[in-house]
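**Student:** Quick one, protein25.cif (mmCIF, C-alpha atoms):
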data_input
loop_
_atom_site.label_atom_id
_atom_site.label_comp_id
_atom_site.auth_asym_id
_atom_site.auth_seq_id
_atom_site.Cartn_x
_atom_site.Cartn_y
_atom_site.Cartn_z
CA MET Z 1 7.07 28.30 9.87
CA ASP Z 2 7.71 31.48 7.86
CA GLY Z 3 7.02 29.62 4.62
CA VAL Z 4 3.65 28.51 6.01
CA CYS Z 5 2.60 31.85 7.53
CA ASN Z 6 4.24 34.08 4.91
CA PRO Z 7 4.52 32.15 1.65
CA LYS Z 8 7.02 33.49 -0.85
CA ALA Z 9 5.79 35.19 -4.00
CA LEU Z 10 6.69 33.89 -7.44
CA PRO Z 11 8.69 36.22 -9.70
CA LEU Z 12 5.62 36.47 -11.94
CA ALA Z 13 3.09 37.00 -9.13
CA ALA Z 14 1.91 40.32 -10.56
CA LEU Z 15 1.26 38.73 -13.95
CA HIS Z 16 -0.75 35.93 -12.34
CA GLU Z 17 -2.84 38.48 -10.47
CA ALA Z 18 -3.46 40.39 -13.70
CA LEU Z 19 -4.57 37.12 -15.31
CA GLY Z 20 -7.13 36.55 -12.56
CA ALA Z 21 -5.40 33.75 -10.67
CA LYS Z 22 -6.62 32.40 -7.37
CA PHE Z 23 -3.73 31.63 -5.03
CA VAL Z 24 -3.06 28.93 -2.43
CA PRO Z 25 -0.02 28.28 -0.22
CA PHE Z 26 2.05 25.35 -1.44
CA ALA Z 27 5.52 24.22 -0.30
CA GLY Z 28 6.20 27.64 1.20
CA TRP Z 29 5.07 29.57 -1.89
CA SER Z 30 1.93 31.43 -2.91
CA MET Z 31 0.91 29.51 -6.02
CA PRO Z 32 -1.80 30.14 -8.63
CA VAL Z 33 -4.22 27.22 -8.26
CA GLN Z 34 -6.57 28.20 -11.09
CA TYR Z 35 -7.61 30.97 -13.48
CA SER Z 36 -10.87 31.86 -15.21
CA LEU Z 37 -11.21 28.53 -17.04
CA GLY Z 38 -11.29 26.64 -13.73
CA VAL Z 39 -9.43 23.43 -12.99
CA MET Z 40 -11.44 21.21 -15.34
CA GLY Z 41 -11.31 23.72 -18.17
CA GLU Z 42 -7.57 24.24 -17.74
CA HIS Z 43 -6.99 20.49 -17.70
CA LYS Z 44 -8.90 19.98 -20.95
CA TRP Z 45 -7.24 23.01 -22.55
CA THR Z 46 -3.80 21.56 -21.86
CA ARG Z 47 -4.75 18.19 -23.32
CA GLU Z 48 -6.06 19.85 -26.50
CA ASN Z 49 -3.91 22.99 -26.87
CA ALA Z 50 -1.05 24.34 -24.73
CA GLY Z 51 -0.98 25.30 -21.07
CA LEU Z 52 1.57 27.64 -19.47
CA PHE Z 53 2.53 26.72 -15.89
CA ASP Z 54 4.71 28.77 -13.56
CA VAL Z 55 6.91 26.28 -11.70
CA SER Z 56 9.44 28.82 -10.43
CA HIS Z 57 8.97 27.44 -6.92
CA MET Z 58 11.06 24.42 -7.90
CA GLY Z 59 14.77 24.45 -7.12
CA GLN Z 60 17.33 25.03 -9.88
CA VAL Z 61 20.84 23.83 -9.08
CA MET Z 62 24.12 23.77 -11.02
CA LEU Z 63 26.97 21.35 -10.32
CA PRO Z 64 30.51 21.58 -11.76
CA ALA Z 65 31.18 19.50 -14.86
CA ASP Z 66 33.56 17.15 -13.04
CA THR Z 67 31.03 16.04 -10.42
CA ALA Z 68 29.17 13.38 -12.43
CA ALA Z 69 30.67 10.51 -10.44
CA ALA Z 70 29.92 12.22 -7.13
CA LEU Z 71 26.30 12.80 -8.13
CA GLU Z 72 26.00 9.25 -9.44
CA ALA Z 73 26.93 8.01 -5.95
CA LEU Z 74 23.67 9.59 -4.68
CA VAL Z 75 21.26 8.38 -7.39
CA PRO Z 76 20.64 4.94 -9.00
CA VAL Z 77 20.91 6.26 -12.56
CA ASP Z 78 23.67 6.73 -15.13
CA VAL Z 79 25.04 10.25 -14.71
CA ILE Z 80 28.58 9.60 -15.95
CA GLY Z 81 27.25 8.41 -19.31
CA LEU Z 82 24.71 11.21 -19.72
CA ALA Z 83 25.51 12.98 -22.99
CA GLU Z 84 25.70 16.74 -23.26
CA GLY Z 85 22.35 18.11 -24.34
CA ARG Z 86 20.38 15.28 -22.74
CA GLN Z 87 18.35 15.08 -19.54
CA ARG Z 88 17.53 12.14 -17.28
CA TYR Z 89 15.00 11.52 -14.52
CA GLY Z 90 16.37 10.27 -11.20
CA PHE Z 91 15.89 10.23 -7.44
CA PHE Z 92 17.96 10.64 -4.31
CA THR Z 93 17.67 7.39 -2.34
CA THR Z 94 18.01 6.65 1.36
CA ASP Z 95 20.20 4.00 2.99
CA THR Z 96 17.06 1.89 3.48
CA GLY Z 97 15.91 2.13 -0.16
CA GLY Z 98 13.40 4.93 0.19
CA VAL Z 99 13.34 8.19 -1.74
CA LEU Z 100 14.46 11.60 -0.50
CA ASP Z 101 13.23 13.36 -3.64
CA ASP Z 102 12.96 12.89 -7.38
CA LEU Z 103 14.68 15.26 -9.79
CA MET Z 104 15.75 16.02 -13.34
CA ILE Z 105 19.44 15.91 -14.29
CA ALA Z 106 20.69 17.59 -17.48
CA ARG Z 107 24.22 17.61 -18.88
CA VAL Z 108 24.81 21.19 -20.02
CA PRO Z 109 27.95 22.81 -21.49
CA ASP Z 110 29.21 24.09 -18.12
CA GLY Z 111 28.13 21.32 -15.79
CA LEU Z 112 25.09 19.42 -14.54
CA PHE Z 113 21.79 21.28 -14.20
CA LEU Z 114 19.30 19.86 -11.71
CA VAL Z 115 15.66 20.69 -11.06
CA VAL Z 116 14.36 19.53 -7.65
CA ASN Z 117 10.98 19.71 -5.95
CA ALA Z 118 10.04 22.87 -4.06
CA ALA Z 119 9.19 21.16 -0.78
CA CYS Z 120 12.57 19.40 -0.75
CA ARG Z 121 14.83 22.06 -2.28
CA ASP Z 122 16.59 23.15 0.92
CA ALA Z 123 17.11 19.56 2.08
CA ASP Z 124 18.23 18.50 -1.40
CA ILE Z 125 20.78 21.30 -1.64
CA ALA Z 126 22.12 20.46 1.82
CA HIS Z 127 22.32 16.78 0.81
CA LEU Z 128 24.25 17.69 -2.34
CA ARG Z 129 26.61 20.02 -0.48
CA ALA Z 130 27.37 17.32 2.07
CA HIS Z 131 28.76 15.12 -0.72
CA ILE Z 132 29.74 17.42 -3.61
CA ASP Z 133 31.87 20.57 -3.83
CA GLY Z 134 30.79 23.56 -5.88
CA VAL Z 135 27.01 23.16 -5.59
CA GLU Z 136 25.34 26.40 -6.76
CA GLU Z 137 21.69 27.20 -6.15
CA ILE Z 138 20.53 29.16 -9.19
CA THR Z 139 18.76 32.40 -8.35
CA GLY Z 140 17.39 35.11 -10.57
CA ARG Z 141 15.75 32.71 -13.01
CA ALA Z 142 12.07 31.78 -13.32
CA LEU Z 143 10.98 28.34 -14.50
CA LEU Z 144 8.01 27.94 -16.86
CA ALA Z 145 6.45 24.80 -18.31
CA LEU Z 146 4.59 24.88 -21.62
CA GLN Z 147 2.63 21.66 -22.06
CA GLY Z 148 0.23 20.21 -24.61
CA PRO Z 149 -0.02 19.24 -28.29
CA LYS Z 150 0.24 22.89 -29.41
CA ALA Z 151 3.29 23.60 -27.20
CA GLU Z 152 5.80 23.10 -30.00
CA SER Z 153 4.07 25.48 -32.40
CA ALA Z 154 3.71 28.15 -29.71
CA LEU Z 155 7.31 28.01 -28.51
CA SER Z 156 8.84 27.56 -31.96
CA SER Z 157 7.24 30.83 -33.05
CA LEU Z 158 9.60 32.48 -30.55
CA VAL Z 159 12.50 29.99 -30.66
CA PRO Z 160 12.37 28.10 -33.98
CA ALA Z 161 15.13 25.61 -33.02
CA VAL Z 162 12.93 23.85 -30.45
CA SER Z 163 11.10 22.04 -33.26
CA ASP Z 164 14.18 19.86 -33.69
CA MET Z 165 14.37 18.86 -30.01
CA ARG Z 166 13.57 15.30 -28.94
CA PHE Z 167 11.91 14.21 -25.71
CA MET Z 168 14.42 14.80 -22.87
CA ASP Z 169 16.73 16.99 -24.94
CA SER Z 170 18.19 19.95 -23.05
CA GLN Z 171 19.42 22.97 -25.01
CA ARG Z 172 20.22 26.66 -24.65
CA HIS Z 173 18.79 29.24 -27.00
CA ILE Z 174 18.65 33.03 -27.19
CA TRP Z 175 15.40 34.98 -27.17
CA ASN Z 176 15.49 38.79 -27.27
CA GLY Z 177 19.06 38.71 -26.01
CA ALA Z 178 18.28 36.43 -23.03
CA GLU Z 179 19.62 32.89 -22.66
CA LEU Z 180 16.87 30.33 -22.22
CA TRP Z 181 17.61 26.88 -20.77
CA ILE Z 182 15.07 24.63 -22.48
CA SER Z 183 14.28 20.95 -22.01
CA ARG Z 184 11.67 18.98 -23.91
CA SER Z 185 9.98 17.50 -20.88
CA GLY Z 186 7.25 18.09 -18.32
CA TYR Z 187 4.96 16.35 -15.90
CA THR Z 188 1.56 16.27 -17.57
CA GLY Z 189 1.91 13.30 -19.92
CA GLU Z 190 1.86 15.68 -22.88
CA ASP Z 191 4.53 16.92 -25.24
CA GLY Z 192 6.01 20.12 -23.95
CA PHE Z 193 8.93 22.11 -22.65
CA GLU Z 194 10.34 23.45 -19.42
CA VAL Z 195 12.13 26.78 -19.78
CA SER Z 196 14.45 28.44 -17.27
CA VAL Z 197 14.40 32.15 -18.10
CA PRO Z 198 16.07 35.17 -16.46
CA GLU Z 199 13.62 36.89 -14.13
CA ASP Z 200 14.09 40.28 -15.76
CA VAL Z 201 12.63 39.02 -19.05
CA ALA Z 202 10.33 36.31 -17.65
CA GLU Z 203 7.14 38.39 -17.86
CA ASP Z 204 7.85 39.49 -21.42
CA PHE Z 205 8.54 35.88 -22.38
CA ALA Z 206 5.38 34.61 -20.67
CA ARG Z 207 3.25 37.30 -22.31
CA ALA Z 208 4.76 36.46 -25.70
CA LEU Z 209 3.66 32.84 -25.24
CA LEU Z 210 0.23 33.85 -23.96
CA ALA Z 211 -0.26 36.02 -27.05
CA ASP Z 212 -0.71 32.75 -28.96
CA ASP Z 213 -4.42 31.92 -29.15
CA HIS Z 214 -3.65 28.30 -28.27
CA VAL Z 215 -1.90 29.14 -24.96
CA GLU Z 216 -3.67 29.72 -21.64
CA PRO Z 217 -2.28 30.06 -18.10
CA ILE Z 218 -2.78 26.91 -16.05
CA GLY Z 219 -2.70 26.53 -12.26
CA LEU Z 220 -1.65 24.02 -9.67
CA GLY Z 221 -5.02 22.26 -9.62
CA ALA Z 222 -4.90 21.15 -13.24
CA ARG Z 223 -1.20 20.35 -12.96
CA ASP Z 224 -2.07 17.71 -10.37
CA SER Z 225 -5.02 16.20 -12.28
CA LEU Z 226 -2.93 16.08 -15.47
CA ARG Z 227 -0.02 14.25 -13.81
CA LEU Z 228 -2.45 11.85 -12.10
CA GLU Z 229 -4.16 10.99 -15.40
CA ALA Z 230 -0.68 10.40 -16.82
CA GLY Z 231 0.02 7.94 -14.00
CA LEU Z 232 3.00 9.98 -12.81
CA PRO Z 233 4.07 9.69 -9.17
CA LEU Z 234 4.19 12.70 -6.86
CA TYR Z 235 6.89 12.87 -4.24
CA GLY Z 236 5.38 12.67 -0.77
CA GLN Z 237 2.49 10.55 -2.03
CA GLU Z 238 3.60 7.79 -4.41
CA MET Z 239 7.25 8.04 -3.33
CA SER Z 240 8.71 8.86 0.08
CA GLU Z 241 11.42 7.80 2.48
CA ASP Z 242 9.13 4.86 3.28
CA ILE Z 243 8.25 3.96 -0.33
CA SER Z 244 10.98 2.71 -2.65
CA PRO Z 245 11.19 3.66 -6.34
CA ILE Z 246 10.44 0.02 -7.22
CA GLU Z 247 7.26 0.02 -5.13
CA ALA Z 248 6.36 3.33 -6.80
CA GLY Z 249 6.61 1.76 -10.27
CA GLN Z 250 9.77 3.66 -11.19
CA ALA Z 251 12.11 0.73 -11.81
CA TRP Z 252 12.31 1.80 -15.47
CA ALA Z 253 14.37 4.84 -14.39
CA ILE Z 254 17.17 2.72 -12.88
CA THR Z 255 19.57 2.42 -15.78
CA LYS Z 256 21.14 -0.89 -16.82
CA VAL Z 257 24.66 0.18 -15.88
CA ARG Z 258 23.59 0.64 -12.22
CA ARG Z 259 21.73 -2.68 -11.96
CA ALA Z 260 23.14 -6.06 -11.01
CA GLY Z 261 25.64 -7.10 -13.67
CA GLY Z 262 26.11 -3.52 -14.88
CA ASP Z 263 29.51 -1.85 -15.13
CA ARG Z 264 28.73 0.42 -12.17
CA ALA Z 265 26.17 -1.70 -10.36
CA GLY Z 266 25.04 -0.53 -6.94
CA SER Z 267 27.20 1.97 -5.06
CA PHE Z 268 24.22 4.21 -4.30
CA PRO Z 269 22.30 4.55 -1.02
CA GLY Z 270 19.89 1.66 -0.46
CA ALA Z 271 21.34 -0.36 -3.34
CA ASP Z 272 20.95 -3.74 -1.62
CA THR Z 273 17.24 -3.11 -0.98
CA ILE Z 274 16.45 -1.59 -4.36
CA LEU Z 275 18.39 -4.10 -6.47
CA GLY Z 276 16.93 -6.89 -4.33
CA GLN Z 277 13.43 -5.62 -5.11
CA ILE Z 278 14.24 -5.55 -8.83
CA ALA Z 279 15.48 -9.14 -8.65
CA HIS Z 280 12.87 -10.65 -6.36
CA GLY Z 281 9.97 -8.19 -6.43
CA PRO Z 282 8.86 -5.71 -3.76
CA ALA Z 283 6.33 -6.47 -1.04
CA ARG Z 284 4.09 -3.68 -2.33
CA ARG Z 285 3.34 -2.32 -5.79
CA ARG Z 286 1.76 0.73 -7.35
CA ALA Z 287 -1.68 0.12 -8.86
CA GLY Z 288 -3.96 2.20 -11.03
CA LEU Z 289 -7.55 2.03 -9.82
CA LEU Z 290 -10.89 2.94 -11.38
CA PRO Z 291 -13.62 3.45 -8.75
CA GLU Z 292 -17.13 2.65 -9.91
CA GLY Z 293 -19.54 5.56 -10.14
CA ARG Z 294 -18.56 9.23 -10.24
CA ALA Z 295 -17.16 9.82 -6.75
CA PRO Z 296 -13.34 9.95 -6.46
CA MET Z 297 -11.43 8.03 -3.80
CA ARG Z 298 -8.97 10.42 -2.20
CA THR Z 299 -5.57 10.00 -0.60
CA GLY Z 300 -5.70 7.79 2.48
CA VAL Z 301 -8.66 5.58 1.47
CA GLU Z 302 -7.91 2.01 2.52
CA ILE Z 303 -8.16 -0.76 -0.08
CA PHE Z 304 -9.52 -4.26 0.71
CA ASP Z 305 -9.68 -7.50 -1.26
CA SER Z 306 -13.23 -8.34 -0.14
CA THR Z 307 -16.28 -6.64 1.30
CA ASP Z 308 -15.75 -8.25 4.71
CA ALA Z 309 -11.95 -8.34 5.03
CA THR Z 310 -10.71 -6.83 8.28
CA THR Z 311 -7.15 -6.04 7.13
CA PRO Z 312 -6.53 -3.64 4.24
CA ILE Z 313 -4.20 -4.70 1.44
CA GLY Z 314 -3.26 -1.16 0.52
CA ILE Z 315 -4.00 2.54 0.52
CA VAL Z 316 -4.79 5.23 -2.03
CA THR Z 317 -1.81 7.55 -2.47
CA SER Z 318 -3.47 9.98 -4.93
CA GLY Z 319 -7.04 10.19 -6.15
CA GLY Z 320 -9.31 12.51 -8.06
CA PHE Z 321 -11.54 12.93 -11.10
CA GLY Z 322 -9.97 12.66 -14.55
CA PRO Z 323 -11.48 15.31 -16.85
CA THR Z 324 -10.09 13.62 -19.98
CA LEU Z 325 -10.84 10.15 -18.66
CA GLY Z 326 -14.34 11.26 -17.70
CA ALA Z 327 -14.24 9.16 -14.54
CA PRO Z 328 -12.63 9.00 -11.11
CA MET Z 329 -9.13 7.52 -10.88
CA ALA Z 330 -6.62 6.71 -8.17
CA LEU Z 331 -3.09 5.52 -7.61
CA ALA Z 332 -2.64 3.11 -4.73
CA LEU Z 333 0.09 1.15 -3.01
CA ILE Z 334 -1.12 -2.43 -2.54
CA ASP Z 335 0.24 -5.86 -1.60
CA ALA Z 336 2.36 -7.07 -4.50
CA ASN Z 337 0.81 -10.55 -4.49
CA THR Z 338 -2.62 -9.13 -5.36
CA ALA Z 339 -3.63 -10.49 -8.76
CA PRO Z 340 -3.80 -7.69 -11.37
CA ASP Z 341 -7.38 -8.60 -12.28
CA ALA Z 342 -8.61 -9.10 -8.71
CA PRO Z 343 -11.66 -7.02 -7.76
CA LEU Z 344 -10.97 -4.61 -4.91
CA TRP Z 345 -12.91 -2.30 -2.62
CA GLY Z 346 -12.14 1.09 -1.14
CA GLU Z 347 -13.63 2.07 2.20
CA VAL Z 348 -15.20 5.54 2.01
CA ARG Z 349 -17.05 6.85 5.07
CA GLY Z 350 -17.56 3.33 6.37
CA LYS Z 351 -18.80 1.86 3.08
CA ARG Z 352 -16.93 -0.60 0.86
CA LEU Z 353 -17.12 0.63 -2.74
CA PRO Z 354 -15.88 -1.47 -5.68
CA VAL Z 355 -12.82 -0.51 -7.71
CA SER Z 356 -11.12 -2.22 -10.64
CA GLN Z 357 -7.42 -2.28 -11.43
CA THR Z 358 -6.23 -0.85 -14.72
CA THR Z 359 -2.99 -0.37 -16.62
CA LEU Z 360 -1.26 3.00 -16.47
CA PRO Z 361 -1.36 5.69 -17.70
CA PHE Z 362 -5.07 6.40 -17.41
CA THR Z 363 -4.86 8.41 -20.66
CA PRO Z 364 -2.27 7.92 -23.45
CA ASN Z 365 0.80 10.12 -23.29
CA GLY Z 366 1.78 12.52 -26.04
CA TYR Z 367 5.57 12.65 -25.66
CA LYS Z 368 7.47 13.46 -28.82
CA ARG Z 369 10.26 10.91 -29.22
CA SER Z 370 11.59 12.23 -32.56
CA PRO Z 371 11.79 15.72 -34.08
CA LYS Z 372 10.19 16.69 -37.36
#
Please re-express this file's structure in structure tokens.
**Tutor:**
Amino acid sequence: MDGVCNPKALPLAALHEALGAKFVPFAGWSMPVQYSLGVMGEHKWTRENAGLFDVSHMGQVMLPADTAAALEALVPVDVIGLAEGRQRYGFFTTDTGGVLDDLMIARVPDGLFLVVNAACRDADIAHLRAHIDGVEEITGRALLALQGPKAESALSSLVPAVSDMRFMDSQRHIWNGAELWISRSGYTGEDGFEVSVPEDVAEDFARALLADDHVEPIGLGARDSLRLEAGLPLYGQEMSEDISPIEAGQAWAITKVRRAGGDRAGSFPGADTILGQIAHGPARRRAGLLPEGRAPMRTGVEIFDSTDATTPIGIVTSGGFGPTLGAPMALALIDANTAPDAPLWGEVRGKRLPVSQTTLPFTPNGYKRSPK
């Protein structure tokens, strides 16, 4: 309850206040939700320039170098084969094939560096410690995300070597005597970087980035609309202990070596369910929806396959207005046997409103697969 009644302050809280942030409680933290540009302005700025997000509420964890096999036993991805200097997306699965959390895994010189979601960080760390020795929660470091087509030029003015990084590279570089842990990744659908920086230099580093005319501070509101436009799932909405990664559209993340016929197939929690869904298809699937008109369909709206059907075929898991798309958008979990071109309806305040299915992402991504 303390996290709800007395949310923790970010290391850069004073900077956010000076920048005019409005704050909201989120996952036990007081988070900047928007600044002077407003959510729509910040969203568009990030798509066109570079947005600086404070994601220090997320958990940073280090595992010893010899724990790759132990971690691989908890996730359906290839950890043993992860090369030094590379990062991989994964998820902790349950015995029934659901998801405990999704996370990033990087092979670094002294071990495995993980970034986990804020709302799950305590449970994730306990889960890791129950199966792996030497789990260290990293403290004293902030985590910043610089996202957008101008992110490379802004960061490379401070750390020139980042221009040579590929998507999902993970490297360490020195800035003003401080060691930065940098990955070329993010959760907006844009090119960008996530940077773990010592707290004692975090404000100086953030101000140095913000001194670039193409960089603006961006809050939690735009972070959510950006990831939704990018068709990216959010834990607790598109994925949960009751929604498998296959149902959530994340089968791509399950590496070949862990699938049926792979050298290390299975041997992770829920493997029978998850590999069975890959082979035979899940009962439900993620769908991208475009509601007609201008009104968004929010989380929890039931989806029907006709105007008079009495039983819903699915439910909206995330919904909102896409500033870049210029229209409302939603992610939904629907019956897998629904034809991809079938017209659907969402029930909003007792009215059935038409929606069409669309391919994801809603807007093209801008990931940089190769360096200059």
**Student:** Just checking: using all atoms listed in the file, which residue out of Z:His43, Z:His16, Z:Arg369, Z:Arg285 ends up closest to Z:Gly326?
**Tutor:** Z:His43
**Student:** Show which residues sit within 12 Å of Z:Thr139, as a list of chain:residue names. Count all atoms listed in the file, and ignore same-chain residues fewer than 6 positions away.
**Tutor:**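 The residues that qualify are Z:Pro11, Z:Ser56, Z:His57, Z:Met58, Z:Gly59, Z:Gln60, Z:Val61, Z:Met62, Z:Ser196, Z:Val197, Z:Pro198, Z:Glu199, Z:Asp200.
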**Student:** So the first atom is atom CA of Z:Leu180 and the second is atom CA of Z:Leu63; what is the distance between them in Å, to one decimal place?
**Tutor:**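 About the pair atom CA of Z:Leu180 and atom CA of Z:Leu63: they are 18.0 Å apart.
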**Student:** Once the PyMOL selection byres ((chain Z and resi 86) around 10) is applied to the coordinates I shared, what remains selected? I want it as a list in words.
**Tutor:**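 Checked against the file, the PyMOL selection byres ((chain Z and resi 86) around 10) matches Leu82, Ala83, Glu84, Gly85, Gln87, Arg88, Ile105, Ala106, Arg107, Val108, Arg166, Phe167, Met168, Asp169, Ser170, Gln171, Ser183 and Arg184 of chain Z.
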**Student:** Using the chain letters and numbers from this file, what does the PyMOL selection byres ((chain Z and resi 234) around 10) select? Give the answer as a ChimeraX atom specification.
**Tutor:** /Z:101-102,117,187,224,227-228,231-233,235-240,248,317-318
**Student:** Could you tell me which residues the PyMOL selection byres ((chain Z and resi 193) around 12) returns for this structure, as number ranges by chain?
**Tutor:** Z: 50-53, 55, 143-156, 159, 162-163, 165-171, 180-192, 194-196, 367-368
**Student:** Hey, which of Z:Met104, Z:Val215, Z:Ala118, Z:Met329 ends up closest to Z:Asn49? Count only C-alpha atoms.
**Tutor:**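 With only C-alpha atoms as the atom set, the closest residue is Z:Val215.
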**Student:** Have a look at atom CA of Z:Gly346 and atom CA of Z:Pro291 and let me know their distance in Å, one decimal.
**Tutor:**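 Going from atom CA of Z:Gly346 over to atom CA of Z:Pro291 covers 8.1 Å.
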**Student:** Box time for stretch 153-165 of chain Z: axis-aligned, enclosing all its listed atoms, 4 Å extra on each side; report centre and edge lengths in Å to one decimal, as JSON.
**Tutor:**
{"center_x": 9.4, "center_y": 25.7, "center_z": -31.2, "size_x": 19.4, "size_y": 21.6, "size_z": 13.5}
**Student:** Show which residues sit within 10 Å of Z:Ala222, as a PDB file with C-alpha atoms, keeping the file's coordinate frame. Count only C-alpha atoms, and ignore same-chain residues fewer than 4 positions away.
**Tutor:**
ATOM      1  CA  VAL Z  33      -4.220  27.220  -8.260  1.00  0.00           C
ATOM      2  CA  GLN Z  34      -6.570  28.200 -11.090  1.00  0.00           C
ATOM      3  CA  GLY Z  38     -11.290  26.640 -13.730  1.00  0.00           C
ATOM      4  CA  VAL Z  39      -9.430  23.430 -12.990  1.00  0.00           C
ATOM      5  CA  MET Z  40     -11.440  21.210 -15.340  1.00  0.00           C
ATOM      6  CA  GLY Z  41     -11.310  23.720 -18.170  1.00  0.00           C
ATOM      7  CA  GLU Z  42      -7.570  24.240 -17.740  1.00  0.00           C
ATOM      8  CA  HIS Z  43      -6.990  20.490 -17.700  1.00  0.00           C
ATOM      9  CA  LYS Z  44      -8.900  19.980 -20.950  1.00  0.00           C
ATOM     10  CA  TRP Z  45      -7.240  23.010 -22.550  1.00  0.00           C
ATOM     11  CA  THR Z  46      -3.800  21.560 -21.860  1.00  0.00           C
ATOM     12  CA  GLY Z  51      -0.980  25.300 -21.070  1.00  0.00           C
ATOM     13  CA  PHE Z  53       2.530  26.720 -15.890  1.00  0.00           C
ATOM     14  CA  THR Z 188       1.560  16.270 -17.570  1.00  0.00           C
ATOM     15  CA  ILE Z 218      -2.780  26.910 -16.050  1.00  0.00           C
ATOM     16  CA  LEU Z 226      -2.930  16.080 -15.470  1.00  0.00           C
ATOM     17  CA  ARG Z 227      -0.020  14.250 -13.810  1.00  0.00           C
ATOM     18  CA  LEU Z 228      -2.450  11.850 -12.100  1.00  0.00           C
ATOM     19  CA  GLY Z 322      -9.970  12.660 -14.550  1.00  0.00           C
ATOM     20  CA  PRO Z 323     -11.480  15.310 -16.850  1.00  0.00           C
TER      21      PRO Z 323
END
**Student:** Of the candidates Z:Ala330, Z:Ile254, Z:Leu344, Z:Leu210, which one gets nearest to Z:Phe92 if we count only C-alpha atoms?
**Tutor:** Z:Ile254
**Student:** Counting only C-alpha atoms, what is within 10 Å of Z:Val301, bar same-chain residues fewer than 4 positions away, as a list in words?
**Tutor:**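 With the cut-off at 10 Å, the set is Met297, Pro312, Gly314, Ile315, Val316, Thr317, Ser318, Gly319, Ala330, Ala332, Trp345, Gly346, Glu347, Val348 and Arg349 of chain Z.
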**Student:** So the first atom is atom CA of Z:His131 and the second is atom CA of Z:Gln277; what is the distance between them in Å, to one decimal place?
**Tutor:** 26.2 Å
**Student:** Determine the nearest neighbour of Z:Val116 from the options Z:Tyr89, Z:Leu37, Z:Arg141, Z:Thr96, counting only C-alpha atoms.
**Tutor:**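 Counting only C-alpha atoms, the residue closest to Z:Val116 is Z:Tyr89.
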